[in-house]
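Listing of query27.txt, compact mmCIF, C-alpha atoms
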# COMPACT_ATOMS: atom_id res chain seq x y z
CA MET A 169 70.89 157.25 43.25
CA VAL A 170 72.36 157.31 39.77
CA ASP A 171 74.87 154.60 38.84
CA VAL A 172 78.52 155.59 38.41
CA PHE A 173 80.41 153.70 35.72
CA VAL A 174 84.13 153.03 36.08
CA LEU A 175 86.30 152.93 32.93
CA ASN A 176 89.90 151.72 32.68
CA GLY A 177 92.83 153.44 30.94
CA ASP A 178 91.56 152.25 27.55
CA LEU A 179 88.14 153.82 28.30
CA GLU A 180 86.52 150.39 28.63
CA GLN A 181 83.85 149.92 31.31
CA VAL A 182 85.18 147.66 34.06
CA GLY A 183 82.64 148.16 36.83
CA VAL A 184 79.67 150.03 38.30
CA ILE A 185 79.33 151.83 41.62
CA ASP A 186 75.64 151.56 42.48
CA TYR A 187 75.83 152.41 46.18
CA TYR A 188 77.71 155.30 47.76
CA THR A 189 77.30 157.83 50.54
CA SER A 190 77.47 160.88 48.25
CA LEU A 191 78.36 162.00 44.75
CA ILE A 192 79.04 165.60 43.75
CA TRP A 193 79.11 166.09 39.98
CA ALA A 194 80.07 169.61 38.78
CA ASN A 195 79.94 170.15 35.03
CA ARG A 196 81.10 173.48 33.57
CA TYR A 197 80.49 175.16 30.22
CA ASP A 198 83.81 176.93 29.63
CA GLU A 199 85.87 175.71 32.59
CA VAL A 200 87.09 172.31 33.77
CA GLY A 201 84.50 170.30 35.70
CA ASP A 202 85.11 167.88 38.55
CA CYS A 203 83.50 165.23 40.73
CA GLU A 204 83.81 163.74 44.20
CA LEU A 205 82.65 160.27 45.15
CA TYR A 206 82.36 159.23 48.82
CA VAL A 207 82.07 155.46 49.07
CA GLN A 208 82.62 152.74 51.66
CA ALA A 209 86.19 151.36 51.51
CA THR A 210 85.51 147.74 50.60
CA SER A 211 88.10 145.53 48.93
CA ASP A 212 86.06 145.66 45.70
CA ALA A 213 85.98 149.46 45.75
CA LEU A 214 89.71 149.66 46.47
CA ASP A 215 90.41 147.35 43.54
CA LEU A 216 88.06 149.14 41.15
CA LEU A 217 88.76 152.81 41.87
CA ARG A 218 92.29 153.60 40.70
CA ARG A 219 94.19 156.74 39.74
CA GLY A 220 94.12 157.09 35.96
CA TYR A 221 90.75 155.34 35.66
CA TYR A 222 87.62 157.27 34.69
CA LEU A 223 84.15 157.91 36.15
CA SER A 224 81.03 158.58 34.11
CA LYS A 225 77.28 158.93 34.56
CA PRO A 226 74.75 157.52 32.10
CA ASP A 227 72.87 160.84 31.87
CA ASP A 228 75.85 163.15 31.32
CA ASP A 229 78.52 163.65 28.66
CA MET A 230 81.25 164.67 31.14
CA ILE A 231 83.83 161.97 31.89
CA CYS A 232 86.12 162.48 34.90
CA ARG A 233 89.65 161.11 35.25
CA ILE A 234 90.44 159.94 38.80
CA GLU A 235 93.34 161.97 40.17
CA THR A 236 93.06 161.65 43.94
CA ILE A 237 92.08 158.73 46.17
CA GLU A 238 91.93 159.35 49.90
CA LEU A 239 91.37 156.50 52.36
CA GLN A 240 89.73 157.63 55.61
CA THR A 241 89.69 155.13 58.49
CA ASP A 242 87.33 155.53 61.45
CA VAL A 243 86.69 152.81 64.03
CA GLU A 244 83.25 154.14 64.91
CA ASN A 245 81.90 155.22 61.52
CA GLY A 246 83.72 152.84 59.20
CA ASN A 247 86.32 153.32 56.50
CA TYR A 248 85.64 155.39 53.40
CA LEU A 249 87.23 156.35 50.10
CA VAL A 250 87.06 159.93 48.91
CA VAL A 251 87.67 159.81 45.16
CA THR A 252 88.23 163.06 43.26
CA GLY A 253 88.18 163.30 39.48
CA TYR A 254 88.47 166.03 36.88
CA ASP A 255 86.72 166.51 33.57
CA VAL A 256 88.87 164.96 30.83
CA LYS A 257 89.02 168.32 29.06
CA LYS A 258 91.73 169.03 31.64
CA ILE A 259 93.94 167.04 29.22
CA LEU A 260 93.98 170.18 27.05
CA PHE A 261 95.75 171.97 29.91
CA GLN A 262 98.55 169.37 29.91
CA ARG A 263 99.93 170.80 26.66
CA ILE A 264 101.44 174.15 25.76
CA ILE A 265 101.41 175.69 22.30
CA TRP A 266 104.81 174.27 21.36
CA SER A 267 105.55 176.67 18.49
CA GLN A 268 104.26 180.01 17.28
CA THR A 269 100.79 179.67 15.80
CA ASN A 270 99.09 182.40 13.79
CA VAL A 271 95.52 182.89 12.66
CA ASP A 272 93.72 185.41 10.52
CA GLY A 273 90.39 183.79 9.86
CA SER A 274 88.11 181.18 11.40
CA VAL A 275 88.26 180.93 15.19
CA GLU A 276 86.91 177.39 15.06
CA GLU A 277 89.64 176.26 12.66
CA PHE A 278 92.28 177.92 14.83
CA LEU A 279 91.17 175.98 17.92
CA ARG A 280 91.09 172.76 15.92
CA THR A 281 94.62 173.53 14.71
CA LEU A 282 95.82 173.90 18.31
CA VAL A 283 94.41 170.45 19.13
CA LEU A 284 95.82 168.90 15.96
CA ARG A 285 99.34 170.26 16.42
CA ASN A 286 99.66 169.76 20.16
CA LEU A 287 97.61 166.67 21.10
CA GLN A 288 96.36 164.78 18.07
CA ASN A 289 99.31 164.76 15.68
CA PRO A 290 102.22 166.82 17.08
CA THR A 291 105.63 166.82 15.43
CA LEU A 292 107.18 165.38 18.60
CA SER A 293 105.58 161.96 19.05
CA ALA A 294 106.01 162.01 22.85
CA ARG A 295 103.44 164.84 22.98
CA GLN A 296 100.70 162.78 21.31
CA ILE A 297 97.83 161.68 23.55
CA ARG A 298 97.62 157.87 23.61
CA ASN A 299 95.67 155.32 25.62
CA ALA A 300 97.09 152.74 28.03
CA SER A 301 97.77 150.41 25.08
CA GLY A 302 99.80 153.07 23.24
CA ARG A 303 97.23 153.88 20.54
CA ALA A 304 96.57 157.51 19.60
CA ASN A 305 93.10 158.36 20.91
CA PHE A 306 92.64 162.15 20.99
CA PHE A 307 91.00 163.72 17.93
CA ASN A 308 89.07 166.72 16.74
CA GLY A 309 85.31 166.18 16.66
CA ASN A 310 82.90 167.34 13.98
CA ARG A 311 83.13 170.89 12.64
CA LYS A 312 80.29 173.17 13.73
CA GLY A 313 80.63 175.82 11.02
CA PHE A 314 80.95 178.76 13.43
CA THR A 315 81.57 181.97 11.46
CA GLU A 316 83.49 184.07 14.00
CA VAL A 317 86.95 185.25 12.87
CA LEU A 318 90.09 186.27 14.71
CA THR A 319 93.55 187.71 14.05
CA LYS A 320 95.89 186.36 16.69
CA GLN A 321 99.35 185.01 17.39
CA VAL A 322 100.12 182.66 20.28
CA SER A 323 103.13 180.66 21.41
CA TYR A 324 104.08 178.73 24.55
CA ALA A 325 100.78 179.40 26.32
CA SER A 326 98.64 176.58 27.67
CA VAL A 327 96.45 175.02 24.99
CA GLY A 328 93.59 174.69 27.47
CA GLU A 329 93.89 178.26 28.78
CA THR A 330 93.97 179.63 25.23
CA ILE A 331 90.87 177.65 24.25
CA LYS A 332 89.11 178.68 27.46
CA GLU A 333 89.84 182.39 26.97
CA ILE A 334 88.68 182.35 23.36
CA CYS A 335 85.52 180.41 24.18
CA LYS A 336 84.65 182.92 26.92
CA THR A 337 85.10 185.74 24.41
CA TYR A 338 82.58 184.26 21.98
CA GLY A 339 80.18 182.65 24.45
CA TRP A 340 81.09 179.12 23.38
CA GLY A 341 81.40 176.01 25.47
CA PHE A 342 84.06 173.37 24.97
CA ARG A 343 84.20 169.76 26.04
CA VAL A 344 85.99 166.51 25.41
CA LEU A 345 83.61 163.69 24.55
CA VAL A 346 84.40 159.99 24.81
CA ASP A 347 83.21 157.47 22.25
CA ILE A 348 84.44 153.93 21.50
CA GLY A 349 87.71 154.38 23.36
CA ASN A 350 88.59 157.79 21.92
CA PHE A 351 88.55 161.41 23.09
CA TYR A 352 86.99 164.03 20.80
CA PHE A 353 87.45 167.79 21.23
CA ASP A 354 84.09 169.49 20.72
CA LEU A 355 82.85 173.08 20.57
CA TYR A 356 79.21 173.98 21.16
CA LYS A 357 76.87 176.87 21.86
CA GLY A 358 74.07 176.87 24.39
CA THR A 359 70.52 177.55 23.21
CA ASP A 360 68.69 180.77 24.04
CA ARG A 361 65.73 179.63 26.17
CA SER A 362 65.33 182.93 28.05
CA THR A 363 61.74 183.41 26.90
CA GLU A 364 60.78 179.86 27.81
CA VAL A 365 62.75 178.97 30.94
CA VAL A 366 62.31 181.37 33.88
CA PHE A 367 63.56 180.75 37.41
CA SER A 368 61.78 182.88 40.01
CA ASN A 369 60.07 182.78 43.40
CA GLU A 370 56.81 183.35 41.58
CA TYR A 371 57.14 179.95 39.86
CA GLU A 372 58.36 178.37 43.10
CA ASN A 373 61.38 176.90 41.32
CA LEU A 374 64.03 179.20 42.80
CA ILE A 375 65.23 178.50 46.33
CA GLU A 376 67.82 181.23 46.79
CA THR A 377 69.90 183.69 44.78
CA THR A 378 73.03 185.77 45.25
CA TYR A 379 73.27 188.81 42.99
CA THR A 380 76.63 190.61 42.97
CA GLU A 381 77.89 193.71 41.16
CA ASP A 382 81.65 194.34 41.47
CA SER A 383 83.47 197.16 39.70
CA SER A 384 86.55 197.27 41.94
CA ASN A 385 88.91 195.94 39.27
CA LEU A 386 88.32 197.94 36.09
CA ALA A 387 90.31 198.67 32.94
CA ASN A 388 88.79 200.18 29.78
CA VAL A 389 91.83 201.58 27.94
CA ALA A 390 94.93 199.50 27.25
CA LEU A 391 98.35 200.60 26.03
CA VAL A 392 99.75 197.53 24.30
CA ALA A 393 103.51 197.35 23.69
CA GLY A 394 104.86 194.80 21.24
CA GLU A 395 108.30 194.15 19.77
CA GLY A 396 111.19 196.60 19.87
CA GLU A 397 113.07 198.74 22.38
CA GLY A 398 112.56 202.29 23.61
CA SER A 399 111.03 204.70 21.14
CA LYS A 400 111.16 202.03 18.42
CA ARG A 401 108.88 199.68 20.32
CA SER A 402 105.57 198.94 18.55
CA ARG A 403 102.59 200.29 20.49
CA ASN A 404 98.85 200.42 20.07
CA VAL A 405 95.92 201.66 22.13
CA CYS A 406 92.58 199.89 22.45
CA GLY A 407 89.43 201.19 24.11
CA TYR A 408 88.40 204.76 24.86
CA ALA A 409 87.19 206.67 27.92
CA GLU A 410 87.79 210.08 29.48
CA SER A 411 88.44 211.72 32.84
CA LEU A 412 87.35 209.74 35.92
CA ASP A 413 85.66 207.15 33.71
CA ARG A 414 89.06 206.21 32.20
CA TYR A 415 90.91 203.24 33.75
CA GLU A 416 94.20 202.52 32.03
CA LEU A 417 96.08 199.23 31.73
CA TYR A 418 99.55 198.48 30.37
CA VAL A 419 99.89 195.24 28.40
CA ASP A 420 103.35 193.83 27.71
CA ALA A 421 102.98 191.97 24.41
CA ARG A 422 106.63 191.67 23.43
CA ASP A 423 106.03 187.94 22.92
CA ILE A 424 103.94 188.78 19.84
CA SER A 425 106.44 188.66 17.01
CA ARG A 426 106.47 190.34 13.62
CA THR A 427 108.46 187.35 12.38
CA ILE A 428 106.43 184.41 11.12
CA THR A 429 107.13 181.64 8.63
CA TRP A 430 106.42 181.85 4.94
CA GLY A 431 104.20 178.78 5.32
CA ASP A 432 102.05 180.50 7.95
CA LEU A 433 101.85 183.69 5.89
CA ILE A 434 100.51 182.07 2.74
CA GLU A 435 98.18 179.83 4.75
CA MET A 436 96.50 182.97 6.11
CA TYR A 437 96.94 185.04 2.95
CA PRO A 438 97.14 182.63 -0.01
CA THR A 439 99.00 183.44 -3.22
CA THR A 440 97.23 184.00 -6.52
CA ASP A 441 98.48 180.53 -7.56
CA GLN A 442 96.52 179.13 -4.60
CA GLY A 443 93.39 181.04 -5.51
CA GLY A 444 94.16 183.97 -3.18
CA HIS A 445 95.22 187.57 -3.74
CA GLY A 446 98.89 187.60 -2.67
CA HIS A 447 102.09 187.63 -4.70
CA ILE A 448 105.79 188.34 -4.28
CA ASP A 449 106.75 191.76 -5.63
CA THR A 450 109.70 194.13 -5.77
CA THR A 451 109.28 197.78 -4.76
CA SER A 452 110.78 200.70 -6.68
CA ALA A 453 113.53 200.77 -4.04
CA GLY A 454 114.42 197.15 -4.78
CA ALA A 455 112.90 195.60 -1.61
CA ILE A 456 111.30 192.18 -1.93
CA VAL A 457 107.80 192.18 -0.41
CA TYR A 458 104.55 190.24 -0.24
CA ARG A 459 101.76 192.27 -1.76
CA MET A 460 98.01 191.71 -1.56
CA ASP A 461 95.81 192.83 -4.44
CA ILE A 462 92.90 192.65 -1.97
CA ILE A 463 93.07 192.13 1.80
CA ASP A 464 90.27 192.14 4.36
CA ILE A 465 91.39 193.41 7.78
CA ALA A 466 89.12 192.48 10.69
CA ILE A 467 87.86 195.64 12.41
CA VAL A 468 88.67 195.44 16.12
CA ASP A 469 87.52 198.92 17.20
CA GLU A 470 86.64 202.36 15.81
CA ASN A 471 90.08 203.84 16.49
CA GLN A 472 91.66 201.16 14.33
CA LEU A 473 89.07 201.76 11.61
CA THR A 474 89.86 205.50 11.61
CA GLU A 475 93.56 204.70 11.26
CA LEU A 476 92.90 202.25 8.42
CA LYS A 477 90.82 204.84 6.57
CA ARG A 478 93.58 207.42 7.00
CA ASN A 479 96.33 205.11 5.73
CA TYR A 480 94.27 203.38 3.04
CA PRO A 481 91.66 205.93 1.87
CA ASN A 482 90.63 203.84 -1.13
CA GLY A 483 89.38 201.00 1.08
CA GLN A 484 85.84 200.22 2.15
CA VAL A 485 83.96 198.65 5.04
CA ILE A 486 82.40 195.29 4.16
CA TRP A 487 80.50 192.55 6.01
CA LYS A 488 81.13 188.82 5.63
CA ASP A 489 79.35 186.11 7.63
CA GLY A 490 78.32 188.69 10.23
CA ASN A 491 81.88 190.03 10.68
CA ARG A 492 83.03 193.54 9.76
CA TYR A 493 86.21 194.15 7.73
CA TYR A 494 88.03 197.00 6.07
CA GLN A 495 88.87 195.92 2.53
CA CYS A 496 92.11 197.40 1.18
CA TYR A 497 93.72 197.16 -2.25
CA ASN A 498 97.34 196.81 -3.42
CA VAL A 499 98.79 196.58 0.11
CA ILE A 500 102.22 195.32 1.21
CA ILE A 501 101.80 193.12 4.29
CA ALA A 502 105.26 191.54 4.73
CA ASP A 503 108.95 192.03 3.95
CA LEU A 504 110.91 189.11 2.46
CA ASP A 505 114.62 188.31 2.25
CA THR A 506 114.34 186.51 -1.08
CA ASP A 507 111.82 185.71 -3.80
CA THR A 508 112.45 181.95 -3.52
CA LEU A 509 111.07 180.91 -0.16
CA GLU A 510 110.67 177.58 1.64
CA SER A 511 107.79 176.95 4.07
CA GLY A 512 109.96 177.46 7.18
CA ASP A 513 111.69 180.64 6.01
CA SER A 514 111.08 183.80 8.03
CA VAL A 515 109.15 186.85 6.85
CA ILE A 516 108.47 190.15 8.66
CA LEU A 517 104.90 191.42 9.04
CA ARG A 518 104.01 195.03 8.31
CA ASP A 519 101.93 197.14 10.73
CA ILE A 520 98.62 196.57 8.93
CA VAL A 521 98.57 192.97 10.20
CA TYR A 522 100.81 193.20 13.28
CA SER A 523 98.76 195.99 14.84
CA VAL A 524 95.66 193.77 14.86
CA TYR A 525 97.58 191.16 16.89
CA LEU A 526 98.36 193.87 19.46
CA LEU A 527 94.78 195.18 19.60
CA ASN A 528 93.33 191.73 20.17
CA ARG A 529 95.83 191.06 22.97
CA GLY A 530 94.80 194.34 24.60
CA TYR A 531 91.11 193.49 24.56
CA GLU A 532 91.82 189.99 25.87
CA LYS A 533 93.64 191.45 28.87
CA MET A 534 91.00 194.13 29.48
CA ALA A 535 88.37 191.40 29.63
CA GLU A 536 90.08 190.26 32.85
CA TYR A 537 89.49 193.70 34.40
CA GLY A 538 85.83 194.32 33.64
CA SER A 539 82.89 195.05 35.87
CA VAL A 540 81.64 191.70 37.14
CA VAL A 541 77.99 190.82 37.62
CA THR A 542 77.11 187.36 38.89
CA PHE A 543 73.80 185.74 39.71
CA ASP A 544 74.09 182.40 41.52
CA GLY A 545 71.16 180.36 42.70
CA SER A 546 69.76 177.09 43.90
CA VAL A 547 66.72 175.74 42.10
CA GLU A 548 64.13 173.09 42.76
CA PRO A 549 65.26 170.26 40.45
CA ASP A 550 61.87 168.98 39.31
CA VAL A 551 59.59 172.02 39.61
CA THR A 552 58.46 173.64 36.34
CA PHE A 553 61.64 172.75 34.44
CA ARG A 554 63.84 169.67 34.38
CA TYR A 555 67.59 169.83 33.84
CA LYS A 556 68.62 167.94 30.67
CA GLU A 557 65.04 167.99 29.44
CA ASP A 558 63.93 171.63 29.44
CA TYR A 559 67.34 173.30 29.77
CA PHE A 560 70.99 172.30 29.50
CA LEU A 561 74.46 173.45 30.49
CA GLY A 562 75.34 176.54 28.45
CA ASP A 563 71.76 177.60 27.74
CA LYS A 564 70.52 181.14 28.25
CA VAL A 565 67.63 181.41 30.72
CA SER A 566 65.85 184.15 32.67
CA VAL A 567 66.36 184.54 36.43
CA ARG A 568 64.18 186.82 38.57
CA ASN A 569 64.63 187.36 42.30
CA GLU A 570 62.10 188.68 44.80
CA TYR A 571 63.39 192.26 44.43
CA GLY A 572 62.41 192.37 40.79
CA ILE A 573 65.93 192.00 39.41
CA GLU A 574 65.53 189.96 36.23
CA VAL A 575 68.40 189.04 33.98
CA VAL A 576 69.19 186.91 30.99
CA ALA A 577 71.96 184.62 32.17
CA ARG A 578 73.91 181.71 30.83
CA ILE A 579 74.11 178.50 32.85
CA VAL A 580 77.89 178.07 33.09
CA GLU A 581 78.01 175.47 35.85
CA VAL A 582 75.69 172.83 37.21
CA ILE A 583 76.51 171.01 40.45
CA GLU A 584 74.48 167.85 41.02
CA THR A 585 74.56 166.26 44.46
CA TYR A 586 73.33 162.78 45.34
CA ASP A 587 73.33 161.78 49.03
CA GLU A 588 71.10 160.58 51.87
CA ASN A 589 69.01 163.76 51.51
CA GLY A 590 68.17 162.97 47.90
CA TYR A 591 69.06 164.86 44.73
CA ARG A 592 69.94 168.58 44.60
CA ILE A 593 70.96 170.80 41.72
CA GLU A 594 72.77 174.14 41.91
CA PRO A 595 73.28 176.02 38.66
CA ARG A 596 75.58 179.02 38.45
CA PHE A 597 74.33 181.76 36.17
CA GLU A 598 76.65 184.11 34.32
CA TYR A 599 75.00 187.48 33.83
CA LEU A 600 74.48 188.57 30.22
CA GLU A 601 71.95 191.41 30.31
CA VAL A 602 69.26 192.97 32.48
CA LEU A 603 65.70 192.63 31.20

What do you get writing this file as structure tokens?
Amino acid sequence: MVDVFVLNGDLEQVGVIDYYTSLIWANRYDEVGDCELYVQATSDALDLLRRGYYLSKPDDDMICRIETIELQTDVENGNYLVVTGYDVKKILFQRIIWSQTNVDGSVEEFLRTLVLRNLQNPTLSARQIRNASGRANFFNGNRKGFTEVLTKQVSYASVGETIKEICKTYGWGFRVLVDIGNFYFDLYKGTDRSTEVVFSNEYENLIETTYTEDSSNLANVALVAGEGEGSKRSRNVCGYAESLDRYELYVDARDISRTITWGDLIEMYPTTDQGGHGHIDTTSAGAIVYRMDIIDIAIVDENQLTELKRNYPNGQVIWKDGNRYYQCYNVIIADLDTDTLESGDSVILRDIVYSVYLLNRGYEKMAEYGSVVTFDGSVEPDVTFRYKEDYFLGDKVSVRNEYGIEVVARIVEVIETYDENGYRIEPRFEYLEVL
């Protein structure tokens, strides 16, 4: 059996559990993992295993925080501790997005901003993550240089849920690594090994599979309603389908505000003085506005693109870092109260930006109502391919059952079990495409 290390509240190793009845270790790519340790209730174990301490394995980067300790007494079979822990990335779910946060640009930088403002260095010091000695110990890890972009506004939602939803959208994994007494938020992408790693009965490395197709909870067209009342309420439609193939969904997005701060506006759309394309201007009617000489609007869907072309016929479609934009010229994007603004002053977004917030919210909600295809299976741990040598959590692999159904799937969960029967591994595959 693999050793289980025990760490104290300062993430220092204080002991090793080298004998236990069973250990279940479930690591997840874009969800929170967990573990369960079943060990004899000796005085040493009772002293070592405490709520708020941590469990780790030498061959895995997941660290679990002990949350539940159950003492089971049995005259005939002996006394046992059942210790349950959760992946330390659950810490991200202990914080909400304390204030409105806007992004029009890098998804990676947006997620790092959420961590910075709500866990690493929040304005309210009581919200900062610190160790048992009171030292700040939650930080952003290294940048990965991911090029995906997003236009989004969030406030008061769970930091962890927001990160999870965005990572699912882009096929990313997220984790919290531990190194020298500190936590580090980390994004990563699994490797495509679908042409190299194949699980099938033919290779005798697949024990069982469960293939499921479920289309009972569909939505492919969303009416998204933002700020305002009655006929003046902002609305947008995302998706398209007709007749019996059309499944409609209403999305209440009144929490998405047109009002943002001047500081947020010029962070997303810098002024010409900052090397950007924005400047304060006055219209012929005397209104004070923020005007962009050039602005690139992320294209969410074809309906939005048609509308952009109609309203801004002099624009053009461009590509940057694999992302598609509609580039417009001489466009007003916000209304201002004054031409002398402080960072915290309020400005009002125009439709060209606000509508993208609504569209993205619509697609996020529709993603919860899609057709679901899952492919779960148990594999032989050391036949053909070895976990953590030939494939890893988050990787894309090929799975083929005895009926000839073959899919490219991502490994989104791996459950490792150590007990008297030996070592077992159960990956859960998330369907990506049929081969």

Hey, what's within 9 Å of Leu391 of chain A if we count only C-alpha atoms and toss same-chain stuff fewer than 4 positions away? As number ranges by chain, please?
A: 403-406, 416-420, 530

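Counting from atom CA of Asn299 of chain A, the distance to atom CA of Asp178 of chain A is 5.5 Å.
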
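Taking all atoms listed in the file, the non-local environment of Ile185 of chain A within 8 Å (same-chain residues fewer than 5 positions away omitted) comprises A:Asp171, A:Val172, A:Phe173, A:Val174.
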
Contact residues around segment 533-537 of chain A with all atoms listed in the file at 10 Å, ignoring same-chain residues under 6 positions, as a VMD selection string:
chain A and resid 333 336 to 337 383 to 390 392 406 to 407 415 to 419

Fewer than 4 positions away in the same chain doesn't count, so skip those; otherwise give me all residues within 10 Å of Asp507 of chain A, counting all atoms listed in the file, as a PDB file with C-alpha atoms, in the frame of the given file.
ATOM      1  CA  HIS A 447     102.090 187.630  -4.700  1.00  0.00           C
ATOM      2  CA  ILE A 448     105.790 188.340  -4.280  1.00  0.00           C
ATOM      3  CA  ASP A 449     106.750 191.760  -5.630  1.00  0.00           C
ATOM      4  CA  THR A 450     109.700 194.130  -5.770  1.00  0.00           C
ATOM      5  CA  ILE A 456     111.300 192.180  -1.930  1.00  0.00           C
ATOM      6  CA  VAL A 457     107.800 192.180  -0.410  1.00  0.00           C
ATOM      7  CA  TYR A 458     104.550 190.240  -0.240  1.00  0.00           C
TER       8      TYR A 458
END

Contacts of Val524 of chain A at 10 Å or less, counting all atoms listed in the file, minus same-chain residues fewer than 6 places along, as a PDB file with C-alpha atoms, in the coordinates of the input?
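See around.pdb below for the written result:
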ATOM      1  CA  ASP A 272      93.720 185.410  10.520  1.00  0.00           C
ATOM      2  CA  LEU A 318      90.090 186.270  14.710  1.00  0.00           C
ATOM      3  CA  THR A 319      93.550 187.710  14.050  1.00  0.00           C
ATOM      4  CA  LYS A 320      95.890 186.360  16.690  1.00  0.00           C
ATOM      5  CA  GLN A 321      99.350 185.010  17.390  1.00  0.00           C
ATOM      6  CA  ASN A 404      98.850 200.420  20.070  1.00  0.00           C
ATOM      7  CA  ILE A 465      91.390 193.410   7.780  1.00  0.00           C
ATOM      8  CA  ALA A 466      89.120 192.480  10.690  1.00  0.00           C
ATOM      9  CA  ILE A 467      87.860 195.640  12.410  1.00  0.00           C
ATOM     10  CA  VAL A 468      88.670 195.440  16.120  1.00  0.00           C
ATOM     11  CA  ASP A 469      87.520 198.920  17.200  1.00  0.00           C
ATOM     12  CA  GLN A 472      91.660 201.160  14.330  1.00  0.00           C
ATOM     13  CA  GLY A 530      94.800 194.340  24.600  1.00  0.00           C
TER      14      GLY A 530
END

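Atom pair atom CA of Val540 of chain A / atom CA of Arg422 of chain A has a distance of 28.5 Å (rounded to one decimal).
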
Between atom CA of Tyr221 of chain A and atom CA of Glu235 of chain A, distance in Å (one decimal)
8.4 Å

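With all atoms listed in the file as the atoms that count, the minimum distance from Trp266 of chain A to the choices A:Leu279, A:Leu292, A:Ile573, A:Leu473 is reached by A:Leu292.
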
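If you count only C-alpha atoms and draw a sphere of 6 Å around (79.2, 161.1, 26.5), the protein and nucleic acid residues inside it come out as Asp229, Leu345 and Val346 of chain A.
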
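Each of A:Ser411, A:Asn498, A:Thr236, A:Thr474 was checked against Gly220 of chain A using only C-alpha atoms; the smallest atom-to-atom distance is that of A:Thr236.
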
Can you build me a table of segment 347-429 of chain A residues sitting at most 10 Å from segment 586-596 of chain A, with the closest atom pair per residue and its distance in Å to one decimal, using all atoms listed in the file, sorted by chain and residue number, as a tab-separated table?
residue	atom	partner	partner_atom	distance
A:Ile375	CA	A:Glu594	CA	9.8
A:Glu376	CA	A:Glu594	CA	9.9
A:Thr377	CA	A:Arg596	CA	9.7
A:Thr378	CA	A:Arg596	CA	9.9

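For the set A:Met460, A:Ala300, A:Ile331, A:Leu239, the residue with the smallest atom-to-atom gap to Arg280 of chain A is A:Ile331, counting all atoms listed in the file.
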
With N, CA, C and O atoms as the target, complete segment 582-592 of chain A and hand it back as a short mmCIF file (atom, residue, chain, number, x, y, z; two decimals), in the frame of the given file.
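What ended up in rebuild_25.cif:
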data_model
loop_
_atom_site.label_atom_id
_atom_site.label_comp_id
_atom_site.auth_asym_id
_atom_site.auth_seq_id
_atom_site.Cartn_x
_atom_site.Cartn_y
_atom_site.Cartn_z
N VAL A 582 76.76 173.53 36.53
CA VAL A 582 75.69 172.83 37.21
C VAL A 582 76.31 171.81 38.15
O VAL A 582 77.07 170.93 37.74
N ILE A 583 76.02 171.95 39.45
CA ILE A 583 76.51 171.01 40.45
C ILE A 583 75.34 170.12 40.86
O ILE A 583 74.34 170.59 41.40
N GLU A 584 75.48 168.83 40.61
CA GLU A 584 74.48 167.85 41.02
C GLU A 584 75.01 167.10 42.24
O GLU A 584 76.15 166.64 42.24
N THR A 585 74.17 166.96 43.24
CA THR A 585 74.56 166.26 44.46
C THR A 585 73.58 165.14 44.75
O THR A 585 72.36 165.35 44.76
N TYR A 586 74.12 163.96 44.97
CA TYR A 586 73.33 162.78 45.34
C TYR A 586 73.83 162.32 46.71
O TYR A 586 75.01 162.01 46.88
N ASP A 587 72.94 162.27 47.70
CA ASP A 587 73.33 161.78 49.03
C ASP A 587 72.09 161.29 49.77
O ASP A 587 71.01 161.12 49.16
N GLU A 588 72.23 161.11 51.09
CA GLU A 588 71.10 160.58 51.87
C GLU A 588 69.91 161.51 51.89
O GLU A 588 68.78 161.10 52.22
N ASN A 589 70.12 162.78 51.55
CA ASN A 589 69.01 163.76 51.51
C ASN A 589 68.31 163.80 50.16
O ASN A 589 67.38 164.58 49.97
N GLY A 590 68.80 162.99 49.21
CA GLY A 590 68.17 162.97 47.90
C GLY A 590 69.04 163.62 46.84
O GLY A 590 70.27 163.58 46.90
N TYR A 591 68.39 164.27 45.89
CA TYR A 591 69.06 164.86 44.73
C TYR A 591 68.87 166.37 44.78
O TYR A 591 67.77 166.87 44.96
N ARG A 592 69.98 167.11 44.65
CA ARG A 592 69.94 168.58 44.60
C ARG A 592 70.70 169.06 43.38
O ARG A 592 71.66 168.41 42.92
#
